[in-house]
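Student: Provided herewith: coords.csv, CSV, C-alpha atoms.
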chain,number,residue,atom,x,y,z
A,1,MET,CA,86.4,63.4,94.4
A,2,LYS,CA,84.4,60.7,96.2
A,3,PHE,CA,80.8,60.3,94.9
A,4,ARG,CA,78.3,60.4,97.8
A,5,ILE,CA,74.7,61.2,98.3
A,6,GLY,CA,74.1,63.4,101.4
A,7,TYR,CA,70.9,63.8,103.4
A,8,ARG,CA,70.4,67.3,102.0
A,9,THR,CA,70.4,65.9,98.5
A,10,ILE,CA,67.9,63.3,99.4
A,11,LYS,CA,65.6,65.8,101.1
A,12,SER,CA,65.9,68.1,98.1
A,13,ALA,CA,65.0,65.4,95.7
A,14,ILE,CA,62.0,64.1,97.8
A,15,GLY,CA,60.9,67.7,98.7
A,16,ALA,CA,60.9,68.9,95.1
A,17,THR,CA,59.0,65.8,94.0
A,18,VAL,CA,56.3,66.3,96.7
A,19,SER,CA,56.0,70.0,95.9
A,20,ILE,CA,55.6,69.5,92.2
A,21,MET,CA,53.1,66.7,92.7
A,22,LEU,CA,51.1,68.6,95.2
A,23,ALA,CA,51.0,71.8,93.1
A,24,GLU,CA,50.0,69.8,90.0
A,25,LEU,CA,47.4,67.8,92.0
A,26,LEU,CA,45.8,71.1,93.1
A,27,GLY,CA,45.6,72.3,89.6
A,28,PHE,CA,48.0,75.3,89.8
A,29,GLN,CA,49.8,76.7,86.8
A,30,ASN,CA,53.6,76.7,86.7
A,31,PHE,CA,53.6,73.9,89.3
A,32,VAL,CA,57.2,72.9,88.5
A,33,SER,CA,58.4,76.2,90.1
A,34,ALA,CA,57.2,74.9,93.5
A,35,GLY,CA,59.9,72.2,93.3
A,36,ILE,CA,62.5,74.9,92.4
A,37,ILE,CA,61.6,76.9,95.5
A,38,THR,CA,61.7,73.8,97.7
A,39,ILE,CA,65.2,73.0,96.5
A,40,LEU,CA,66.4,76.6,97.2
A,41,CYS,CA,64.9,76.6,100.7
A,42,ILE,CA,66.3,73.4,101.9
A,43,GLN,CA,69.5,74.3,103.7
A,44,ILE,CA,72.1,72.6,105.9
A,45,THR,CA,70.6,73.7,109.2
A,46,LYS,CA,67.1,74.5,110.4
A,47,LYS,CA,67.8,78.2,111.1
A,48,LYS,CA,69.4,78.6,107.7
A,49,SER,CA,66.3,77.0,106.1
A,50,LEU,CA,64.0,79.3,108.1
A,51,ARG,CA,66.1,82.4,107.0
A,52,ALA,CA,66.1,81.2,103.4
A,53,SER,CA,62.4,80.7,103.4
A,54,TRP,CA,61.7,84.1,104.9
A,55,ASP,CA,64.0,85.8,102.3
A,56,ARG,CA,62.3,84.0,99.4
A,57,THR,CA,58.8,84.7,100.8
A,58,LEU,CA,59.6,88.4,101.1
A,59,ALA,CA,61.4,88.6,97.7
A,60,CYS,CA,58.5,86.8,95.9
A,61,LEU,CA,55.8,89.0,97.5
A,62,THR,CA,57.8,92.0,96.4
A,63,ALA,CA,58.2,90.5,92.9
A,64,ILE,CA,54.4,90.2,92.6
A,65,VAL,CA,53.9,93.8,93.6
A,66,PHE,CA,56.5,95.0,91.1
A,67,SER,CA,55.1,92.8,88.3
A,68,ILE,CA,51.6,94.2,88.8
A,69,ILE,CA,52.8,97.8,88.7
A,70,PHE,CA,55.3,97.5,85.9
A,71,PHE,CA,53.6,95.2,83.5
A,72,GLU,CA,50.1,96.8,83.9
A,73,LEU,CA,51.5,100.3,83.5
A,74,LEU,CA,54.2,99.8,80.9
A,75,GLY,CA,53.1,96.7,79.1
A,76,TYR,CA,54.4,93.2,78.6
A,77,HIS,CA,57.6,93.8,76.7
A,78,PRO,CA,61.1,92.4,77.3
A,79,ILE,CA,62.4,95.9,77.9
A,80,VAL,CA,60.0,96.3,80.8
A,81,ILE,CA,61.5,93.2,82.4
A,82,GLY,CA,64.9,94.9,82.3
A,83,LEU,CA,63.6,98.1,83.8
A,84,LEU,CA,61.7,96.2,86.5
A,85,LEU,CA,64.9,94.2,87.5
A,86,VAL,CA,67.0,97.4,87.6
A,87,LEU,CA,64.7,98.6,90.5
A,88,PHE,CA,63.6,95.3,91.9
A,89,ILE,CA,67.0,93.8,92.7
A,90,PRO,CA,68.3,96.8,94.7
A,91,THR,CA,65.0,96.9,96.6
A,92,VAL,CA,65.3,93.2,97.6
A,93,VAL,CA,68.9,93.8,98.6
A,94,MET,CA,67.8,96.8,100.7
A,95,LEU,CA,65.2,94.5,102.3
A,96,LYS,CA,68.0,92.1,103.2
A,97,ALA,CA,66.4,89.3,101.2
A,98,SER,CA,68.9,89.0,98.4
A,99,GLU,CA,68.9,85.1,98.6
A,100,GLY,CA,65.4,85.3,97.2
A,101,ILE,CA,66.3,87.1,94.0
A,102,VAL,CA,66.5,84.0,91.8
A,103,SER,CA,63.2,82.5,92.9
A,104,SER,CA,61.4,85.8,92.8
A,105,THR,CA,62.7,86.5,89.2
A,106,VAL,CA,61.0,83.2,88.2
A,107,ILE,CA,57.7,84.7,89.6
A,108,ILE,CA,58.3,87.9,87.6
A,109,LEU,CA,58.7,85.8,84.4
A,110,HIS,CA,55.5,83.9,85.2
A,111,PHE,CA,53.6,87.2,85.1
A,112,PHE,CA,55.3,88.2,81.9
A,113,SER,CA,54.4,84.9,80.3
A,114,GLU,CA,50.8,85.1,81.5
A,115,GLY,CA,50.4,88.5,79.8
A,116,GLN,CA,47.8,89.8,82.3
A,117,VAL,CA,47.2,90.2,86.0
A,118,THR,CA,44.1,88.6,87.5
A,119,MET,CA,43.2,87.7,91.1
A,120,SER,CA,43.2,84.0,90.2
A,121,PHE,CA,46.8,84.2,88.8
A,122,ILE,CA,48.0,86.1,91.8
A,123,PHE,CA,46.5,83.4,94.0
A,124,ASN,CA,48.2,80.8,91.8
A,125,GLU,CA,51.6,82.3,92.3
A,126,LEU,CA,51.1,82.7,96.0
A,127,ALA,CA,50.1,79.1,96.2
A,128,ILE,CA,53.2,78.0,94.3
A,129,ILE,CA,55.4,80.0,96.7
A,130,PHE,CA,53.8,78.7,99.9
A,131,ILE,CA,53.7,75.1,98.7
A,132,GLY,CA,57.4,75.2,97.8
A,133,ILE,CA,58.4,76.9,101.0
A,134,GLY,CA,56.1,74.9,103.2
A,135,VAL,CA,57.4,71.5,101.9
A,136,ALA,CA,61.0,72.7,102.4
A,137,LEU,CA,60.3,73.7,106.0
A,138,LEU,CA,58.7,70.3,106.7
A,139,ALA,CA,61.6,68.5,105.1
A,140,ASN,CA,64.1,70.4,107.3
A,141,LEU,CA,62.4,69.5,110.5
A,142,TYR,CA,64.5,66.4,110.5
A,143,MET,CA,68.2,66.9,110.9
A,144,PRO,CA,70.5,63.9,111.5
A,145,SER,CA,72.4,63.9,114.8
A,146,LEU,CA,76.0,65.1,114.6
A,147,ASP,CA,76.9,63.8,118.1
A,148,SER,CA,78.9,60.8,116.9
A,149,GLN,CA,80.9,62.8,114.4
A,150,ILE,CA,81.7,65.5,117.0
A,151,ALA,CA,82.7,62.8,119.4
A,152,GLU,CA,85.1,61.3,116.9
A,153,TYR,CA,86.7,64.7,116.3
A,154,GLN,CA,87.0,65.2,120.1
A,155,VAL,CA,88.8,61.9,120.4
A,156,ARG,CA,91.2,62.6,117.5
A,157,ILE,CA,92.0,66.2,118.7
A,158,GLU,CA,92.8,65.1,122.2
A,159,ALA,CA,94.9,62.2,120.9
A,160,ASN,CA,96.9,64.7,118.9
A,161,PHE,CA,97.3,66.9,121.9
A,162,ARG,CA,98.7,64.0,123.9
A,163,LYS,CA,101.1,63.1,121.1
A,164,ILE,CA,102.4,66.7,120.9
A,165,PHE,CA,102.8,66.9,124.7
A,166,LEU,CA,104.7,63.6,124.7
A,167,GLU,CA,107.0,64.8,122.0
A,168,ILE,CA,107.7,67.9,124.2
A,169,VAL,CA,108.5,65.5,127.1
A,170,LYS,CA,110.9,63.5,124.9
A,171,TYR,CA,112.7,66.6,123.8
A,172,LEU,CA,113.0,68.0,127.4
A,173,ARG,CA,114.4,64.7,128.7
A,174,PHE,CA,116.7,63.7,125.9
A,175,GLY,CA,117.3,66.9,123.9
A,176,ASP,CA,116.3,65.3,120.6
A,177,SER,CA,113.3,64.1,118.7
A,178,ASN,CA,112.6,62.7,115.3
A,179,TRP,CA,109.0,63.9,115.3
A,180,ASP,CA,107.7,64.9,111.9
A,181,GLY,CA,105.1,67.3,113.3
A,182,LYS,CA,102.2,66.0,111.1
A,183,GLU,CA,99.9,66.3,114.1
A,184,ILE,CA,100.2,70.1,113.9
A,185,ALA,CA,98.5,70.6,110.5
A,186,GLU,CA,96.1,67.7,111.2
A,187,THR,CA,94.9,69.3,114.5
A,188,ILE,CA,94.3,72.6,112.8
A,189,HIS,CA,92.0,70.9,110.3
A,190,LEU,CA,90.3,68.8,112.9
A,191,ILE,CA,89.4,71.8,115.1
A,192,LYS,CA,88.2,73.8,112.2
A,193,THR,CA,85.9,71.0,111.0
A,194,ALA,CA,84.7,70.3,114.5
A,195,LYS,CA,83.7,73.9,115.0
A,196,VAL,CA,81.7,73.9,111.8
A,197,LEU,CA,79.8,70.8,112.9
A,198,SER,CA,79.3,72.3,116.4
A,199,PHE,CA,77.9,75.4,114.9
A,200,GLN,CA,75.5,73.3,112.9
A,201,VAL,CA,74.2,71.8,116.2
A,202,MET,CA,73.5,75.4,117.4
A,203,GLU,CA,71.8,76.3,114.1
A,204,ASN,CA,69.5,73.3,114.4
A,205,GLN,CA,67.9,74.6,117.6
A,206,PHE,CA,65.0,77.0,117.2
A,207,ILE,CA,64.7,77.6,121.0
A,208,TYR,CA,68.0,78.5,122.7
A,209,ASN,CA,69.2,76.2,125.4
A,210,GLU,CA,72.4,77.0,127.2
A,211,ASN,CA,73.7,73.5,126.5
A,212,ASP,CA,73.4,73.9,122.7
A,213,ASP,CA,76.6,75.9,122.4
A,214,LEU,CA,78.7,73.7,124.7
A,215,TYR,CA,80.2,71.7,121.8
A,216,TYR,CA,81.2,74.9,120.0
A,217,THR,CA,82.6,76.4,123.2
A,218,TYR,CA,84.6,73.3,123.9
A,219,PHE,CA,86.3,73.3,120.5
A,220,GLU,CA,86.9,77.0,120.8
A,221,ILE,CA,88.8,76.3,124.0
A,222,ARG,CA,90.8,73.6,122.3
A,223,GLU,CA,91.6,76.0,119.5
A,224,LYS,CA,92.9,78.6,122.0
A,225,GLN,CA,94.9,75.9,123.8
A,226,PHE,CA,96.4,74.7,120.6
A,227,GLU,CA,97.6,78.2,119.7
A,228,ILE,CA,99.5,78.1,123.0
A,229,MET,CA,100.9,74.7,122.1
A,230,GLU,CA,102.1,76.1,118.8
A,231,ARG,CA,103.8,79.0,120.6
A,232,VAL,CA,105.7,76.8,123.1
A,233,LEU,CA,107.2,74.5,120.5
A,234,PRO,CA,109.9,77.1,119.4
A,235,ILE,CA,110.6,77.7,123.1
A,236,ILE,CA,111.3,74.1,123.7
A,237,THR,CA,113.4,73.7,120.6
A,238,SER,CA,115.5,76.7,121.6
A,239,ILE,CA,116.8,74.6,124.6
A,240,THR,CA,120.2,73.2,123.6
A,241,HIS,CA,120.8,70.8,126.4
A,242,THR,CA,118.8,69.1,129.2
A,243,VAL,CA,118.7,70.6,132.7
A,244,LYS,CA,117.1,69.5,136.0
A,245,GLN,CA,114.3,72.0,135.7
A,246,GLY,CA,113.5,70.7,132.1
A,247,LYS,CA,113.2,67.2,133.4
A,248,MET,CA,110.8,68.4,136.2
A,249,ILE,CA,108.7,70.2,133.6
A,250,ALA,CA,108.8,67.0,131.4
A,251,ASP,CA,107.3,65.0,134.3
A,252,PHE,CA,104.6,67.6,134.7
A,253,ILE,CA,103.7,67.6,131.0
A,254,GLU,CA,103.7,63.8,130.8
A,255,GLU,CA,101.2,63.7,133.7
A,256,LEU,CA,99.1,66.4,132.0
A,257,ALA,CA,99.1,64.5,128.7
A,258,GLU,CA,97.9,61.3,130.3
A,259,HIS,CA,94.9,63.1,131.9
A,260,ILE,CA,93.5,64.9,128.8
A,261,HIS,CA,90.5,62.6,128.7
A,262,ALA,CA,89.8,62.7,132.5
A,263,GLY,CA,87.5,65.2,134.3
A,264,ASN,CA,88.2,68.9,134.3
A,265,THR,CA,91.2,68.9,136.6
A,266,ALA,CA,92.6,72.3,135.5
A,267,ASN,CA,92.7,73.6,139.1
A,268,ILE,CA,94.8,70.7,140.3
A,269,TYR,CA,97.4,71.2,137.6
A,270,LEU,CA,97.4,75.0,138.1
A,271,GLU,CA,98.3,74.3,141.8
A,272,LYS,CA,101.1,71.9,140.7
A,273,LEU,CA,102.4,74.4,138.3
A,274,LYS,CA,102.5,77.0,141.0
A,275,GLU,CA,104.4,74.7,143.3
A,276,MET,CA,106.9,73.9,140.6
A,277,HIS,CA,107.4,77.5,139.8
A,278,GLN,CA,108.2,78.3,143.5
A,279,GLU,CA,110.6,75.4,143.6
A,280,PHE,CA,112.4,76.8,140.6
A,281,GLU,CA,112.7,80.2,142.3
A,282,ASN,CA,114.3,78.5,145.4
A,283,MET,CA,117.0,76.7,143.3
A,284,GLU,CA,120.5,77.9,142.8
A,285,LEU,CA,120.9,80.7,140.3
A,286,PRO,CA,122.3,79.9,136.9
A,287,LYS,CA,126.1,80.2,136.6
A,288,THR,CA,126.5,80.6,132.9
A,289,ARG,CA,124.8,82.5,130.1
A,290,SER,CA,123.6,79.3,128.5
A,291,GLU,CA,122.0,78.1,131.8
A,292,PHE,CA,120.4,81.5,132.2
A,293,GLU,CA,118.8,81.4,128.7
A,294,ILE,CA,117.6,77.8,129.3
A,295,ARG,CA,116.1,78.8,132.6
A,296,ALA,CA,114.4,81.8,131.1
A,297,ALA,CA,112.9,79.7,128.3
A,298,LEU,CA,111.6,77.2,130.8
A,299,PHE,CA,110.0,80.0,132.9
A,300,HIS,CA,108.4,81.3,129.7
A,301,PHE,CA,107.1,77.8,129.0
A,302,ILE,CA,105.6,77.6,132.5
A,303,LYS,CA,103.7,80.9,132.0
A,304,GLU,CA,102.3,79.7,128.7
A,305,MET,CA,101.2,76.4,130.3
A,306,GLU,CA,99.5,78.4,133.0
A,307,GLN,CA,97.5,80.2,130.3
A,308,TYR,CA,96.7,76.8,128.7
A,309,LEU,CA,95.1,75.6,131.9
A,310,LEU,CA,93.3,78.9,132.7
A,311,ILE,CA,91.5,78.7,129.4
A,312,LYS,CA,89.9,75.4,130.4
A,313,GLN,CA,89.4,76.2,134.1
A,314,ASN,CA,85.9,77.7,134.0
A,315,PHE,CA,84.4,75.4,131.3
A,316,LYS,CA,81.5,73.7,132.9
A,317,GLY,CA,81.5,70.6,130.6
A,318,ILE,CA,78.8,68.8,128.8
A,319,LYS,CA,75.7,67.3,130.6
A,320,LYS,CA,75.4,63.6,131.0
A,321,GLN,CA,73.0,63.1,128.0
A,322,ARG,CA,75.9,64.2,125.7
A,323,VAL,CA,78.5,61.7,127.0
A,324,VAL,CA,80.8,60.5,124.3
A,325,HIS,CA,83.1,57.5,124.2
A,326,LYS,CA,82.6,57.0,128.0
A,327,GLU,CA,84.2,60.4,128.6
A,328,ARG,CA,82.6,63.8,129.1
A,329,LEU,CA,83.3,66.2,126.3
A,330,GLY,CA,84.1,68.8,128.8
A,331,GLY,CA,86.7,66.6,130.5
A,332,GLY,CA,90.5,66.9,130.3
A,333,ASN,CA,92.9,69.8,130.5
Could I get this file's structure written as structure tokens?

Tutor:
Amino acid sequence: MKFRIGYRTIKSAIGATVSIMLAELLGFQNFVSAGIITILCIQITKKKSLRASWDRTLACLTAIVFSIIFFELLGYHPIVIGLLLVLFIPTVVMLKASEGIVSSTVIILHFFSEGQVTMSFIFNELAIIFIGIGVALLANLYMPSLDSQIAEYQVRIEANFRKIFLEIVKYLRFGDSNWDGKEIAETIHLIKTAKVLSFQVMENQFIYNENDDLYYTYFEIREKQFEIMERVLPIITSITHTVKQGKMIADFIEELAEHIHAGNTANIYLEKLKEMHQEFENMELPKTRSEFEIRAALFHFIKEMEQYLLIKQNFKGIKKQRVVHKERLGGGN
């Protein structure tokens, strides 16, 4: 596995250091725990960090209440810790703050180690909690832009789409292809990763903007289109010899492939597909069973390609500030 230091690692290291130094400088006990809380609250997106911070705040406050009740009523004994956790953990889960169980357990152990409950110690623990969480939230205000990575995935996915289409063209025209199909598995991986990155863009916005989910919507569209491409491949390979209609479809697919990076021209190609379908219907009927099966397969292929274009038809595209590689992310078919 390749060794690398990511931005989250750097933020965790710096954030933990700042939290510990600040808590120590202010003279709080158990100041190291502030660093632990900071590390636990720094997440991969702003929204996840905010949720993690809320979970830990709620869990830690609950832990303080449980510690006061159990230790003051039942005494400071290891058995009491066990009894406390038996009731505390389900309570935190019920409050939907289970991510805060680990950090709040540390707070419980602080109270056990202290051996008594005082207002100053309660204030000390609250300060540790809020220093750790506060530093984490400040650290997570900065998130590196993912635009260039997303743009790269967009380019690679559309290049694979073009490659697959051109292989279909080759098969329709010549009835043979030595294609190894590696783009299939590669495209599945690219779309999956691109959707994850696009979701991170959405998760890094505290205030919703209708443009924030366009990246994710775009790759969802490509995923649905790719499912259609996977479905049509067996249809194409079932055609045993070339026919006039197959060559006409090949010309159409070739043109479609060459315009994947252009503007959203789905309506234009839907109209061309409709015209070609009508032309097929006006042609002489097939004379043999083999011709009939090939014609039926091609009609099925046309219907699938119609769905391919309809999926993209209503996508409004990405605004100009999100232009990538001199092409709009919303472009293409």

Student: Can you tell me which residues surround Leu172 of chain A at a distance of at most 9 Å, considering only C-alpha atoms, apart from same-chain residues fewer than 3 positions away, and format the answer as a VMD selection string?

Tutor: chain A and resid 167 to 169 175 to 176 236 to 237 239 241 to 243 246 to 247 249 to 250

Student: In Å, with one decimal, what is the gap from atom CA of Ile10 of chain A to atom CA of Ala151 of chain A?

Tutor: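 Those two atoms sit 24.9 Å apart.
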
Student: Separation of atom CA of Lys274 of chain A and atom CA of Arg289 of chain A, in Å?

Tutor: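 Atom-to-atom, atom CA of Lys274 of chain A and atom CA of Arg289 of chain A are spaced 25.4 Å apart.
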
Student: May I ask which of the residues A:Lys163, A:Lys46, A:Arg4, A:Lys11 is the closest one to Ile260 of chain A, counting all atoms listed in the file?

Tutor: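 Result for the nearest residue to Ile260 of chain A: A:Lys163.
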
Student: Restricting the calculation to only C-alpha atoms: of A:Gln225, A:Gln245, A:Ser12, A:Gln205, which residue gets closest to Ile302 of chain A?

Tutor: A:Gln245

Student: Go ahead and compute the interatomic distance for atom CA of Ile42 of chain A and atom CA of Phe3 of chain A, in Å to one decimal.

Tutor: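 So the two atoms, atom CA of Ile42 of chain A and atom CA of Phe3 of chain A, lie 20.8 Å apart.
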
Student: Nearest to Lys96 of chain A: which of A:Ala127, A:Leu58, A:Ala63, A:Ile20 is it, counting only C-alpha atoms?

Tutor: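 Under the stated criterion, the closest residue is A:Leu58.
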
Student: Using all atoms listed in the file, can you tell me which of A:Gly35, A:Gly115, A:Gly100, A:Gly27 comes closest to Pro78 of chain A?

Tutor: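 Of A:Gly35, A:Gly115, A:Gly100, A:Gly27, the one nearest Pro78 of chain A, counting all atoms listed in the file, is A:Gly115.
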
Student: Ranking A:Leu214, A:Ser290, A:Ile107, A:Gln29 by minimum distance to Ser120 of chain A and counting all atoms listed in the file, which one comes first?

Tutor: A:Gln29

Student: Give me the residues within 9 Å of Val92 of chain A as an MDAnalysis selection string, counting all atoms listed in the file and dropping any in the same chain fewer than 2 places off.

Tutor: chainID A and resid 55 58:59 62:63 87:90 94:101

Student: Have a look at A:Val117, A:Ile221, A:Leu26, A:Ile14 and name the one nearest to Leu138 of chain A; count all atoms listed in the file.

Tutor: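 Among the listed residues, A:Ile14 lies closest to Leu138 of chain A.
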